[in-house]
Amino acid sequence: MGRYTATVTVRLKHGVLDPEAETTRQALERLGFDVEALRSADRFEVDLEAASAEAAKAEAESMAERLLANPTIHDYDVEVSEAA
Amino acid sequence: MSVSVIRFGGSNCDRDTVAALSHLGIDGELVWHEDGLPAESSGVVFPGGFSYGDYLRAGAMAARSPIMETVRERAADGLPVLGICNGAQICCEAGLAPGAFTTNARARFQCEHVFLRVENAETPWTDDYERGDVIELPIAHGEGRFEIADNELAALESEGRILLRYCDAEGNVTEAANPNGSKDNVAGILGERPTVAVMMPHPERATLPDLRLTDGQGILRSFA
């Protein structure tokens, strides 16, 4: 078994309105920044033990499918690295 | 035989729901989710509130609690299940109904009265109304924008599973009358079975005559 960190990034699907990101974008504009578009995402860093990096990835994908993401509105991706 | 009103940490419309049911002569009982669904339960309400502080997404945590497995099984056997507001979010997260209720288009919590058009009056939840009736109910939510894939929305429409749409006082379904940016103004739908319904507006807050509005009585009366 190895120790891994799986980074799960959960984003809104393309075309799904993101009111919080839009509000943030407007606030940045008020601060004088020129922002064409802004997207937000949630990032989860999961430390876990697994037989291999592939197994760690599969486990984290299962977490995303079952809880971290809502398939109606979200896409997600998973990256795995060996834990420091 | 009583209707089980399921409480999670953070539910806050639970007692209102029991009081509203009681006014209609329906026995309602508060059930703490960890105690499980009583075998003699005649129906289930998931009340409004902020279960688990809306962590992750509104309803996401409660939807994964063990009682939901029992509710899913009993719902498949025909037990009536109504999700109101946070309860609707929980039911969608749990897969009892399609789609998702997410952040309002204006990114604000909205607490106001809305008008709703009854889109299908031939369901257990709406048969006290006529199709096209306009009813007035309160809303109080920050994550009430209904989202669903276009093809799934079309399926809901063709199967008559859209119960209520946000409209103006005359029953016109317009963008201006849509408080939260819900797709196609949808405010409430049926789940996989007609005995399961979810809705963001609060019928239990429009049932007791002392609260002036009583348009929600017809929905709760379906438990009688």
# chains A, B, ... in the order shown; residues from 1 in each chain; ligands from 1
call {"tool": "select_by_dssp", "arguments": {"residues": "chain A", "states": "helix (DSSP H, G or I)", "output": "NGL selection string"}}
result
:A and (19-30 or 53-68)
call {"tool": "interface_residues", "arguments": {"of": "chain B", "to": "chain A", "cutoff": "7 Å", "atoms": "only C-alpha atoms", "output": "PyMOL selection string"}}
result
chain B and resi 99-100+103+105-107+148
call {"tool": "closest_residue", "arguments": {"among": "B:Glu122, B:Asp14, B:Glu34, B:Glu69", "to": "B:Phe46", "atoms": "only C-alpha atoms"}}
result
B:Asp14
call {"tool": "closest_residue", "arguments": {"among": "A:Leu12, A:Arg3, A:Ala55, A:Ala27", "to": "A:Ser40", "atoms": "only C-alpha atoms"}}
result
A:Leu12
call {"tool": "select_by_dssp", "arguments": {"residues": "stretch 37-68 of chain A", "states": "strand (DSSP E or B)", "output": "number ranges by chain"}}
result
A: 41-50
call {"tool": "write_last_selection", "arguments": {"atoms": "C-alpha atoms", "output": "PDB file, in the first residue's frame"}}
result
ATOM      1  CA  ALA A  41     -14.342  25.525  -8.652  1.00  0.00           C
ATOM      2  CA  ASP A  42     -14.116  23.484  -5.482  1.00  0.00           C
ATOM      3  CA  ARG A  43     -10.923  21.596  -4.801  1.00  0.00           C
ATOM      4  CA  PHE A  44     -10.743  18.671  -2.385  1.00  0.00           C
ATOM      5  CA  GLU A  45      -7.393  17.195  -1.351  1.00  0.00           C
ATOM      6  CA  VAL A  46      -7.864  13.647  -0.115  1.00  0.00           C
ATOM      7  CA  ASP A  47      -5.019  11.779   1.595  1.00  0.00           C
ATOM      8  CA  LEU A  48      -5.518   8.056   1.339  1.00  0.00           C
ATOM      9  CA  GLU A  49      -3.751   4.712   1.223  1.00  0.00           C
ATOM     10  CA  ALA A  50      -4.146   2.566  -1.865  1.00  0.00           C
TER      11      ALA A  50
END
call {"tool": "closest_residue", "arguments": {"among": "A:Ala6, A:Met1, A:Glu29, A:Lys13", "to": "B:Ala149", "atoms": "only C-alpha atoms"}}
result
A:Lys13
call {"tool": "atom_distance", "arguments": {"atom1": "atom CA of B:Glu136", "atom2": "atom CA of B:His202"}}
result
9.8 Å
call {"tool": "residues_around", "arguments": {"residues": "B:Gly43", "least_positions_apart": "6", "cutoff": "8 Å", "atoms": "only C-alpha atoms", "output": "ChimeraX atom specification"}}
result
/B:2-4,79-81,223
call {"tool": "residues_around", "arguments": {"residues": "stretch 177-184 of chain B", "least_positions_apart": "2", "cutoff": "12 Å", "atoms": "only C-alpha atoms", "output": "ChimeraX atom specification"}}
result
/A:16-19 /B:99-117,138-150,152-154,156-157,162,164-175,186-188,199-201
call {"tool": "residues_around", "arguments": {"residues": "B:Tyr52", "least_positions_apart": "6", "cutoff": "8 Å", "atoms": "only C-alpha atoms", "output": "number ranges by chain"}}
result
B: 8-10, 59, 61-62
call {"tool": "atom_distance", "arguments": {"atom1": "atom CA of B:Ala206", "atom2": "atom CA of B:Val71"}}
result
26.0 Å
